[in-house]
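Undergrad: Just work-v5.txt, nothing more (compact mmCIF, C-alpha atoms):
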# COMPACT_ATOMS: atom_id res chain seq x y z
CA MET A 16 0.00 0.00 0.00
CA GLN A 17 1.44 3.33 -0.97
CA SER A 18 2.11 5.74 1.89
CA PHE A 19 2.01 9.54 1.95
CA PRO A 20 4.55 10.56 4.60
CA ASN A 21 4.43 14.30 3.93
CA SER A 22 0.85 14.70 2.77
CA CYS A 23 -2.54 13.03 2.92
CA SER A 24 -3.94 10.93 0.10
CA PRO A 25 -5.84 12.85 -2.60
CA ASN A 26 -9.18 11.47 -1.44
CA LEU A 27 -8.46 12.15 2.23
CA CYS A 28 -7.24 15.67 1.42
CA ARG A 29 -10.43 16.29 -0.50
CA LEU A 30 -12.59 15.06 2.38
CA THR A 31 -10.60 17.03 4.92
CA THR A 32 -10.92 20.22 2.89
CA LEU A 33 -14.65 19.68 2.40
CA ALA A 34 -15.14 19.09 6.11
CA THR A 35 -13.21 22.27 6.88
CA VAL A 36 -15.05 24.59 4.53
CA THR A 37 -18.51 23.31 5.49
CA VAL A 38 -18.11 24.04 9.17
CA LEU A 39 -21.49 24.66 10.75
CA LEU A 40 -22.11 27.83 12.67
CA VAL A 41 -22.83 26.33 16.08
CA ALA A 42 -25.42 28.87 17.18
CA ASP A 43 -27.65 28.69 14.15
CA GLY A 44 -26.73 25.58 12.21
CA ILE A 45 -26.00 27.63 9.09
CA VAL A 46 -23.33 26.52 6.65
CA ALA A 47 -20.43 28.98 6.47
CA ASN A 48 -19.65 30.88 3.28
CA ASP A 49 -17.67 28.87 0.76
CA ASP A 50 -17.29 28.76 -3.01
CA THR A 51 -18.37 25.09 -3.09
CA ILE A 52 -21.81 26.02 -1.70
CA ALA A 53 -24.47 27.62 -3.88
CA PRO A 54 -24.89 31.25 -2.86
CA LEU A 55 -27.54 33.00 -0.85
CA MET A 56 -28.83 35.81 -3.06
CA ALA A 57 -30.43 39.14 -2.15
CA TYR A 58 -32.58 41.13 -4.57
CA VAL A 59 -33.36 44.80 -3.98
CA GLY A 60 -36.28 46.42 -5.78
CA THR A 61 -35.91 50.15 -6.37
CA PHE A 62 -37.58 53.29 -7.63
CA SER A 63 -36.00 53.73 -11.03
CA SER A 64 -38.45 55.80 -13.05
CA PRO A 65 -40.07 58.74 -11.24
CA LEU A 66 -43.61 59.59 -12.27
CA LYS A 67 -44.04 63.00 -13.88
CA ASP A 68 -47.59 63.31 -12.57
CA THR A 69 -46.94 62.35 -8.94
CA LEU A 70 -49.84 62.98 -6.58
CA PRO A 71 -49.40 66.04 -4.30
CA THR A 72 -50.00 63.74 -1.32
CA GLN A 73 -47.32 61.22 -2.26
CA VAL A 74 -44.78 61.69 0.50
CA ASP A 75 -42.09 59.50 -1.09
CA LEU A 76 -41.23 61.64 -4.13
CA PRO A 77 -38.40 59.28 -5.13
CA PRO A 78 -36.10 60.78 -7.77
CA GLY A 79 -35.58 57.39 -9.40
CA ASN A 80 -31.97 56.75 -8.42
CA GLY A 81 -32.29 52.98 -8.70
CA ARG A 82 -31.51 51.03 -11.84
CA GLY A 83 -34.08 48.25 -11.50
CA ILE A 84 -33.60 45.05 -9.47
CA HIS A 85 -30.16 45.03 -7.85
CA MET A 86 -28.63 41.61 -7.11
CA PHE A 87 -26.15 40.65 -4.38
CA ARG A 88 -24.42 37.58 -2.99
CA VAL A 89 -24.84 37.33 0.78
CA ASN A 90 -22.07 36.25 3.12
CA ARG A 91 -23.84 33.79 5.40
CA GLU A 92 -21.49 34.47 8.32
CA THR A 93 -21.21 38.26 8.30
CA GLY A 94 -24.31 39.33 6.41
CA ALA A 95 -22.18 41.33 3.97
CA LEU A 96 -23.55 41.95 0.46
CA THR A 97 -21.40 41.68 -2.67
CA VAL A 98 -22.67 43.12 -5.95
CA ALA A 99 -23.75 40.38 -8.37
CA GLY A 100 -25.41 42.46 -11.08
CA VAL A 101 -28.51 44.48 -11.93
CA TYR A 102 -31.59 43.63 -13.92
CA GLU A 103 -32.03 46.98 -15.64
CA SER A 104 -35.60 48.29 -15.51
CA GLY A 105 -36.99 51.80 -15.81
CA THR A 106 -40.42 50.97 -14.40
CA SER A 107 -39.70 51.14 -10.66
CA PRO A 108 -39.92 47.46 -9.62
CA SER A 109 -40.61 48.56 -6.05
CA ARG A 110 -42.01 45.33 -4.55
CA LEU A 111 -40.82 41.77 -5.14
CA VAL A 112 -42.00 38.29 -4.26
CA VAL A 113 -40.47 34.85 -4.91
CA ASP A 114 -42.30 31.53 -5.10
CA SER A 115 -41.63 28.79 -2.55
CA ASP A 116 -39.45 26.86 -5.03
CA GLY A 117 -37.15 29.84 -5.53
CA THR A 118 -37.50 29.59 -9.30
CA ARG A 119 -39.85 32.48 -10.11
CA MET A 120 -39.90 36.14 -9.09
CA TYR A 121 -42.64 38.73 -9.58
CA SER A 122 -42.29 42.51 -9.39
CA ALA A 123 -44.84 45.26 -8.91
CA ASN A 124 -43.78 48.02 -11.29
CA GLU A 125 -44.99 51.24 -9.67
CA THR A 126 -45.91 53.14 -12.81
CA ASP A 127 -49.14 54.35 -14.41
CA ARG A 128 -48.19 54.42 -18.07
CA TYR A 129 -48.89 51.09 -19.70
CA LYS A 130 -49.39 51.48 -23.45
CA GLY A 131 -50.96 54.88 -23.13
CA THR A 132 -53.29 53.92 -20.27
CA LYS A 133 -53.32 54.99 -16.61
CA GLU A 134 -52.28 51.53 -15.50
CA GLY A 135 -49.21 49.93 -14.01
CA THR A 136 -47.61 46.57 -14.72
CA VAL A 137 -46.41 43.38 -13.06
CA SER A 138 -43.48 41.35 -14.40
CA SER A 139 -42.57 37.69 -14.01
CA PHE A 140 -39.00 36.35 -14.06
CA SER A 141 -37.27 32.99 -13.97
CA ILE A 142 -34.36 32.62 -11.53
CA ASN A 143 -31.24 30.78 -12.64
CA ARG A 144 -30.65 28.29 -9.81
CA THR A 145 -26.89 28.39 -10.34
CA THR A 146 -26.14 32.09 -10.76
CA GLY A 147 -29.27 33.80 -9.45
CA LYS A 148 -29.61 35.69 -12.75
CA LEU A 149 -33.09 36.92 -13.68
CA THR A 150 -34.70 36.33 -17.07
CA LEU A 151 -37.89 38.20 -17.94
CA LEU A 152 -40.82 35.90 -18.77
CA ASN A 153 -43.52 38.49 -19.42
CA THR A 154 -45.09 41.77 -18.29
CA VAL A 155 -48.83 42.34 -17.96
CA PRO A 156 -51.13 45.18 -16.84
CA SER A 157 -51.72 45.20 -13.09
CA GLY A 158 -55.38 46.17 -13.05
CA GLY A 159 -54.80 49.70 -11.80
CA ALA A 160 -52.33 52.55 -11.50
CA GLY A 161 -49.21 52.37 -9.35
CA PRO A 162 -49.04 48.73 -8.20
CA THR A 163 -47.20 48.80 -4.89
CA TYR A 164 -47.54 45.25 -3.51
CA VAL A 165 -47.59 41.68 -4.82
CA SER A 166 -48.01 38.37 -3.01
CA ILE A 167 -48.50 34.76 -4.08
CA HIS A 168 -51.63 32.87 -3.05
CA PRO A 169 -50.90 29.61 -1.15
CA SER A 170 -52.28 27.62 -4.11
CA LYS A 171 -49.33 28.98 -6.14
CA ARG A 172 -51.80 29.59 -8.98
CA PHE A 173 -52.49 33.30 -8.46
CA LEU A 174 -50.65 36.56 -7.87
CA LEU A 175 -52.42 39.15 -5.71
CA VAL A 176 -51.79 42.82 -6.53
CA ALA A 177 -52.51 46.07 -4.67
CA ASN A 178 -52.65 49.17 -6.90
CA TYR A 179 -51.94 52.19 -4.72
CA PHE A 180 -52.69 55.02 -7.16
CA GLY A 181 -55.64 53.20 -8.67
CA GLY A 182 -57.21 52.23 -5.33
CA SER A 183 -57.85 48.72 -6.64
CA VAL A 184 -56.79 45.14 -6.01
CA SER A 185 -56.48 42.46 -8.66
CA VAL A 186 -55.86 38.75 -9.12
CA LEU A 187 -53.55 37.52 -11.89
CA PRO A 188 -53.29 33.83 -12.83
CA ILE A 189 -49.84 32.23 -12.73
CA MET A 190 -49.39 29.94 -15.72
CA ALA A 191 -47.51 26.61 -15.64
CA ASN A 192 -44.48 28.24 -17.29
CA GLY A 193 -44.38 31.04 -14.67
CA GLN A 194 -45.85 33.69 -16.92
CA LEU A 195 -48.77 35.84 -15.78
CA GLY A 196 -52.14 35.84 -17.49
CA LYS A 197 -54.94 38.36 -17.79
CA ALA A 198 -56.56 39.37 -14.50
CA THR A 199 -59.29 37.02 -13.29
CA ASP A 200 -60.68 39.74 -11.03
CA VAL A 201 -60.24 43.45 -10.30
CA LYS A 202 -61.93 45.23 -7.41
CA ALA A 203 -61.91 49.04 -7.51
CA MET A 204 -62.72 50.46 -4.09
CA GLU A 205 -65.15 53.28 -3.41
CA GLY A 206 -66.18 54.83 -0.12
CA LYS A 207 -65.67 57.57 2.42
CA ILE A 208 -62.13 58.92 2.75
CA GLY A 209 -60.73 59.49 6.22
CA PRO A 210 -59.57 62.85 7.64
CA THR A 211 -56.15 64.32 6.88
CA THR A 212 -55.09 64.24 10.53
CA SER A 213 -55.01 61.37 13.01
CA LYS A 214 -55.78 61.71 16.70
CA ASN A 215 -53.29 58.92 17.38
CA ALA A 216 -50.38 60.70 15.67
CA PRO A 217 -47.70 62.34 17.82
CA PRO A 218 -48.20 65.97 18.92
CA GLY A 219 -47.57 68.43 16.10
CA SER A 220 -47.68 65.78 13.41
CA LYS A 221 -48.22 66.95 9.85
CA ALA A 222 -48.14 63.41 8.52
CA PHE A 223 -50.61 63.53 5.65
CA SER A 224 -50.17 61.13 2.79
CA GLY A 225 -53.03 59.05 1.48
CA HIS A 226 -56.24 60.63 2.68
CA ASP A 227 -57.18 62.15 -0.64
CA ARG A 228 -58.61 59.06 -2.35
CA THR A 229 -58.72 55.28 -2.01
CA HIS A 230 -55.26 53.71 -1.80
CA ALA A 231 -54.81 49.94 -1.70
CA HIS A 232 -51.42 49.46 -0.06
CA MET A 233 -51.09 45.74 0.64
CA ILE A 234 -52.83 42.47 -0.23
CA GLU A 235 -52.13 38.97 1.04
CA SER A 236 -53.90 35.71 1.73
CA ASP A 237 -54.40 34.30 5.20
CA PRO A 238 -52.41 31.09 5.87
CA SER A 239 -55.29 28.85 4.77
CA GLY A 240 -55.82 30.55 1.41
CA ARG A 241 -59.59 30.74 2.00
CA PHE A 242 -59.53 34.47 2.69
CA VAL A 243 -57.61 37.39 1.19
CA LEU A 244 -57.04 40.60 3.15
CA HIS A 245 -56.09 44.02 1.85
CA VAL A 246 -55.62 47.43 3.45
CA ASP A 247 -56.87 50.72 2.05
CA LEU A 248 -54.93 53.60 3.54
CA GLY A 249 -57.30 56.33 2.39
CA MET A 250 -60.43 54.63 3.72
CA ASP A 251 -58.80 53.49 7.00
CA ARG A 252 -60.04 49.96 6.49
CA ILE A 253 -58.78 46.41 6.32
CA PHE A 254 -60.92 44.47 3.85
CA VAL A 255 -61.49 40.72 4.02
CA TRP A 256 -62.44 38.77 0.89
CA LYS A 257 -63.52 35.19 0.34
CA PHE A 258 -61.30 33.67 -2.32
CA ASP A 259 -62.29 31.08 -4.90
CA ALA A 260 -59.08 29.23 -5.72
CA LYS A 261 -60.67 27.63 -8.80
CA THR A 262 -61.77 30.81 -10.56
CA GLY A 263 -59.47 33.41 -8.97
CA LYS A 264 -62.45 35.51 -7.89
CA LEU A 265 -62.88 37.67 -4.79
CA SER A 266 -66.19 38.14 -2.99
CA PRO A 267 -66.89 40.25 0.13
CA ASN A 268 -66.69 38.48 3.46
CA ASP A 269 -69.21 39.07 6.23
CA PRO A 270 -68.31 41.53 7.62
CA ALA A 271 -66.50 42.91 4.58
CA PHE A 272 -63.99 45.02 6.51
CA VAL A 273 -62.77 46.23 9.88
CA ALA A 274 -62.30 49.96 10.44
CA LEU A 275 -59.23 51.64 11.94
CA PRO A 276 -59.45 55.04 13.68
CA PRO A 277 -60.12 57.84 11.15
CA GLY A 278 -56.93 59.23 9.65
CA ASP A 279 -54.62 56.48 10.94
CA GLY A 280 -53.93 55.07 7.46
CA PRO A 281 -53.34 51.28 7.66
CA ARG A 282 -50.37 50.40 5.47
CA HIS A 283 -49.08 46.85 6.02
CA PHE A 284 -49.86 43.81 8.18
CA HIS A 285 -48.25 40.55 9.22
CA PHE A 286 -49.70 37.31 10.58
CA HIS A 287 -48.10 35.70 13.62
CA PRO A 288 -46.75 32.17 12.90
CA ASN A 289 -49.61 30.74 14.96
CA GLY A 290 -52.12 32.21 12.50
CA LYS A 291 -54.26 33.54 15.36
CA TRP A 292 -52.72 36.99 15.82
CA PHE A 293 -52.67 39.66 13.17
CA TYR A 294 -50.59 42.85 13.47
CA SER A 295 -51.29 46.01 11.46
CA ILE A 296 -49.13 49.13 11.16
CA GLN A 297 -50.68 52.56 10.50
CA GLU A 298 -48.73 55.03 8.37
CA GLU A 299 -50.11 58.33 9.67
CA GLY A 300 -51.24 57.31 13.15
CA SER A 301 -47.82 55.72 13.93
CA THR A 302 -49.48 52.79 15.66
CA LEU A 303 -49.40 49.02 15.81
CA VAL A 304 -52.72 47.22 16.29
CA LEU A 305 -53.14 43.63 17.45
CA PHE A 306 -56.17 41.77 16.10
CA ASP A 307 -57.37 38.30 16.98
CA TYR A 308 -57.99 36.42 13.74
CA ASP A 309 -60.88 33.96 13.39
CA ALA A 310 -59.56 31.69 10.64
CA LYS A 311 -62.86 29.84 10.27
CA HIS A 312 -64.86 32.96 9.44
CA GLY A 313 -62.14 35.36 8.31
CA ARG A 314 -62.90 37.90 11.03
CA LEU A 315 -60.65 40.39 12.82
CA THR A 316 -61.24 41.58 16.39
CA LYS A 317 -59.11 44.48 17.65
CA ARG A 318 -57.49 43.95 21.05
CA GLN A 319 -54.53 46.33 21.50
CA THR A 320 -53.14 49.60 20.08
CA ILE A 321 -49.59 50.77 20.83
CA SER A 322 -47.43 53.58 19.42
CA THR A 323 -44.49 52.72 17.18
CA LEU A 324 -42.56 55.69 18.62
CA PRO A 325 -40.75 56.27 21.91
CA VAL A 326 -42.55 58.16 24.67
CA GLY A 327 -42.17 61.92 24.27
CA TYR A 328 -41.63 62.05 20.51
CA ALA A 329 -43.31 65.01 18.82
CA GLY A 330 -43.60 65.98 15.17
CA SER A 331 -44.27 64.09 11.97
CA ASN A 332 -43.62 60.43 11.29
CA PHE A 333 -44.68 58.02 8.57
CA CYS A 334 -44.68 54.31 9.44
CA SER A 335 -43.56 51.86 6.80
CA GLU A 336 -42.77 48.16 7.25
CA ILE A 337 -43.90 45.62 9.84
CA GLN A 338 -42.31 42.20 10.37
CA VAL A 339 -42.98 39.45 12.89
CA SER A 340 -39.82 37.51 13.71
CA ARG A 341 -39.64 33.94 12.48
CA ASP A 342 -39.80 32.60 16.05
CA GLY A 343 -42.91 34.67 16.74
CA LYS A 344 -41.36 36.49 19.72
CA PHE A 345 -40.95 40.02 18.32
CA VAL A 346 -42.57 42.61 16.07
CA TYR A 347 -40.43 45.16 14.21
CA ALA A 348 -41.93 48.47 13.04
CA GLY A 349 -40.41 50.98 10.61
CA ASN A 350 -40.57 54.73 11.31
CA ARG A 351 -39.80 57.19 8.50
CA LEU A 352 -38.66 60.71 9.53
CA HIS A 353 -37.93 59.37 13.00
CA ASP A 354 -35.73 56.96 11.01
CA SER A 355 -35.87 54.06 13.41
CA ILE A 356 -37.03 50.49 13.77
CA GLY A 357 -39.15 49.95 16.85
CA ILE A 358 -38.75 46.56 18.51
CA PHE A 359 -41.64 45.02 20.47
CA SER A 360 -41.84 41.75 22.35
CA ILE A 361 -44.88 39.51 21.94
CA GLY A 362 -46.41 38.23 25.16
CA ASP A 363 -48.04 34.87 25.70
CA ASP A 364 -51.37 36.51 24.90
CA GLY A 365 -50.08 38.19 21.73
CA LYS A 366 -49.91 41.66 23.25
CA LEU A 367 -46.96 43.91 22.43
CA SER A 368 -44.50 45.58 24.80
CA PHE A 369 -41.85 48.11 23.75
CA VAL A 370 -38.31 46.72 23.94
CA ASP A 371 -36.00 49.10 22.10
CA GLU A 372 -35.51 51.24 19.02
CA GLU A 373 -32.62 51.23 16.56
CA TRP A 374 -31.53 54.08 14.32
CA THR A 375 -31.65 52.92 10.70
CA ARG A 376 -28.39 54.64 9.72
CA GLY A 377 -30.14 56.40 6.87
CA ASN A 378 -33.06 58.58 5.88
CA TYR A 379 -36.55 57.20 5.28
CA PRO A 380 -36.52 53.44 5.94
CA ARG A 381 -39.13 52.24 3.46
CA SER A 382 -38.82 48.55 4.23
CA PHE A 383 -36.65 45.94 5.90
CA SER A 384 -36.30 42.17 5.66
CA PHE A 385 -34.64 39.35 7.55
CA ASP A 386 -32.28 36.89 5.91
CA PRO A 387 -33.67 33.31 5.74
CA GLY A 388 -31.96 32.38 9.00
CA GLY A 389 -33.30 35.39 10.86
CA ARG A 390 -29.78 36.39 11.96
CA PHE A 391 -29.53 39.66 10.03
CA LEU A 392 -31.95 42.48 9.22
CA TYR A 393 -31.49 44.52 6.03
CA CYS A 394 -33.00 48.01 6.01
CA GLY A 395 -33.61 49.91 2.77
CA ASN A 396 -33.17 53.63 3.46
CA GLN A 397 -34.98 55.15 0.50
CA ARG A 398 -33.78 58.75 0.60
CA ALA A 399 -30.29 57.85 1.80
CA ASP A 400 -29.78 55.51 -1.18
CA ASN A 401 -28.40 52.70 0.92
CA VAL A 402 -29.12 49.36 2.55
CA ALA A 403 -27.87 49.09 6.14
CA VAL A 404 -27.15 45.70 7.69
CA PHE A 405 -27.96 44.83 11.32
CA LYS A 406 -27.35 41.71 13.37
CA VAL A 407 -30.19 40.37 15.52
CA VAL A 408 -28.79 40.12 19.04
CA GLY A 409 -29.38 36.73 20.62
CA LYS A 410 -32.68 36.21 22.37
CA THR A 411 -33.27 39.89 23.09
CA GLY A 412 -34.55 40.72 19.62
CA LYS A 413 -32.48 43.90 19.64
CA LEU A 414 -30.51 45.07 16.59
CA LYS A 415 -26.80 45.88 16.34
CA PHE A 416 -25.43 47.74 13.33
CA THR A 417 -22.72 45.70 11.60
CA GLY A 418 -21.04 48.76 10.10
CA GLN A 419 -22.05 47.67 6.61
CA TYR A 420 -23.61 50.17 4.21
CA VAL A 421 -24.49 49.06 0.70
CA PRO A 422 -25.10 51.80 -1.91
CA VAL A 423 -28.42 51.27 -3.73
CA GLY A 424 -30.41 54.10 -5.29
CA ASN A 425 -33.89 54.51 -3.74
CA PRO A 426 -34.18 50.97 -2.30
CA SER A 427 -37.76 49.89 -1.78
CA HIS A 428 -37.84 46.17 -0.94
CA ILE A 429 -35.39 43.34 -0.22
CA ILE A 430 -35.95 39.60 -0.65
CA PHE A 431 -33.71 36.53 -0.52
CA VAL A 432 -33.28 33.30 -2.47
CA ASP A 433 -31.07 30.51 -1.15
CA LEU A 434 -29.67 28.71 -4.18
CA ALA A 435 -28.34 25.93 -1.93
CA LYS A 436 -31.89 24.75 -1.22
Turn this file's structure into structure tokens for me.
TA:
Amino acid sequence: MQSFPNSCSPNLCRLTTLATVTVLLVADGIVANDDTIAPLMAYVGTFSSPLKDTLPTQVDLPPGNGRGIHMFRVNRETGALTVAGVYESGTSPSRLVVDSDGTRMYSANETDRYKGTKEGTVSSFSINRTTGKLTLLNTVPSGGAGPTYVSIHPSKRFLLVANYFGGSVSVLPIMANGQLGKATDVKAMEGKIGPTTSKNAPPGSKAFSGHDRTHAHMIESDPSGRFVLHVDLGMDRIFVWKFDAKTGKLSPNDPAFVALPPGDGPRHFHFHPNGKWFYSIQEEGSTLVLFDYDAKHGRLTKRQTISTLPVGYAGSNFCSEIQVSRDGKFVYAGNRLHDSIGIFSIGDDGKLSFVDEEWTRGNYPRSFSFDPGGRFLYCGNQRADNVAVFKVVGKTGKLKFTGQYVPVGNPSHIIFVDLAK
């Protein structure tokens, strides 16, 4: 038998090297960064094409510094982002969603100029499972102006769209090849618009954004797929729809909506992992509201309201994103102008308690997202043209800035695709 006095055998060397580079991070069981492992990718949607006829009440006023969908490789150990390319798009792909297989991506293109009409678009892409590169499959009208949110129904057969400028929500079929078809349903909302000031806002607040008309800001199914919920900021309501997964049609639930305090402006919501608690964030009222969710009947019952801001704050603030941590122990709330992320613990009864706040290291945090492991939070600071990276501190839920700034023009939304899975 041949011996290798000064080195290991080729096979043993190969095994030793592989064992070394695939060391598991003890705390989280996450494989360390290594060229032999398929990358974790981050995609950042941006405002890349400013509207010339922006509404006077649109507080964002993004100049369009983004270039489309920016792509990055993510260091699994440090959270650092490395530029991997850009899918060039001049239609402001401001909100993104990826299917559960990680093979298809959909973008809400926040425009209102589709083929001479006052309508926005939604695009579908295939994701290269080796490189993360995006390939456009098709682009279709969104069913209204300024689509600002997209989500995938649990059946995987439909894309749900909220059209902010148009005040409508729509359902688009997802074809077998990943392309989008013509809308199976469009609901244009009509009703009383709330006041331009909120009693729940901090003293001296001039936060007035969407109380000029109906503004659908978010749409998403409940975990079962039987009901679809959407918020209308201008009407101060959260609507609940029955959903027919065969036809892609929406019909009003009973009751059809739950009302928030006048002027508060519900923007986004997030279900707790247990499916029983539902948290809503209000853009102009700067509040978080806990609802109990009756999954059998699709009903919301309000139980708690808490400010997103620290005690004593005065002046204007616009809330943005809300996220429930993967372990269901914390809620994170974005504050624009105050430029912070409020951190709240979730009690055994679902109620929220203030824990801490973290400066976002940039102006106007439009949204933030956790990496798939929940170890890092990535905050898109829209007016600062950067993404700031934070580490989630142990079991406290608090955030610690990693020192990493990533330049991205007018970032709007961040999602991840793990190509190793």
Undergrad: Looking at all atoms listed in the file, which of A:Ser360, A:Ser107, A:Asn289, A:Asn396 is the one that sits closest to Pro238 (chain A)?
TA: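 The answer is A:Asn289, which sits nearest to Pro238 (chain A).
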Undergrad: To one decimal place, how far is CA of Ala160 (chain A) from CA of Tyr129 (chain A) in Å?
TA: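 These two atoms are separated by 9.0 Å.
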Undergrad: Between A:Phe272, A:Tyr308, A:Tyr121, A:Tyr347, single out the one closest to Phe286 (chain A), counting all atoms listed in the file.
TA: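 Among the listed residues, the smallest separation from Phe286 (chain A) belongs to A:Tyr308.
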Undergrad: List every residue of region 386-418 of chain A that has an atom at most 10 Å from any atom of region 331-341 of chain A, and for each one report the closest atom pair and its distance in Å to one decimal, counting all atoms listed in the file, with rows sorted by chain and then by increasing residue number, as JSON lines.
TA:
{"residue": "A:Pro387", "atom": "CA", "partner": "A:Arg341", "partner_atom": "CA", "distance": 9.0}
{"residue": "A:Gly388", "atom": "CA", "partner": "A:Arg341", "partner_atom": "CA", "distance": 8.6}
{"residue": "A:Gly389", "atom": "CA", "partner": "A:Arg341", "partner_atom": "CA", "distance": 6.7}
{"residue": "A:Cys394", "atom": "CA", "partner": "A:Glu336", "partner_atom": "CA", "distance": 9.8}
{"residue": "A:Gly412", "atom": "CA", "partner": "A:Ser340", "partner_atom": "CA", "distance": 8.5}
Undergrad: Using only C-alpha atoms, which of A:Ala53, A:Asp400, A:Gly147, A:Tyr179 sits nearest Pro78 (chain A)?
TA: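 The closest residue to Pro78 (chain A) is A:Asp400.
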Undergrad: What lies within 7 Å of region 185-200 of chain A using all atoms listed in the file, ignoring chain neighbours under 6 positions off, as an MDAnalysis selection string?
TA: chainID A and resid 119 139 152:153 155 158 172:177 263:265
Undergrad: Excluding Ile356 (chain A) and any residue of its chain fewer than 4 positions from it, enumerate the residues within 8 Å of it, using all atoms listed in the file, and give them as a JSON list (two decimals) with C-alpha atoms, keeping the file's coordinate frame.
TA:
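File written: out38.json
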[["chain", "number", "residue", "atom", "x", "y", "z"],
["A", 347, "TYR", "CA", -40.43, 45.16, 14.21],
["A", 348, "ALA", "CA", -41.93, 48.47, 13.04],
["A", 349, "GLY", "CA", -40.41, 50.98, 10.61],
["A", 350, "ASN", "CA", -40.57, 54.73, 11.31],
["A", 372, "GLU", "CA", -35.51, 51.24, 19.02],
["A", 373, "GLU", "CA", -32.62, 51.23, 16.56],
["A", 374, "TRP", "CA", -31.53, 54.08, 14.32],
["A", 375, "THR", "CA", -31.65, 52.92, 10.70]]
Undergrad: What does the distance between CA of Arg144 (chain A) and CA of Ser122 (chain A) come to in Å, to one decimal place?
TA: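 For CA of Arg144 (chain A) relative to CA of Ser122 (chain A), the distance reads 18.4 Å.
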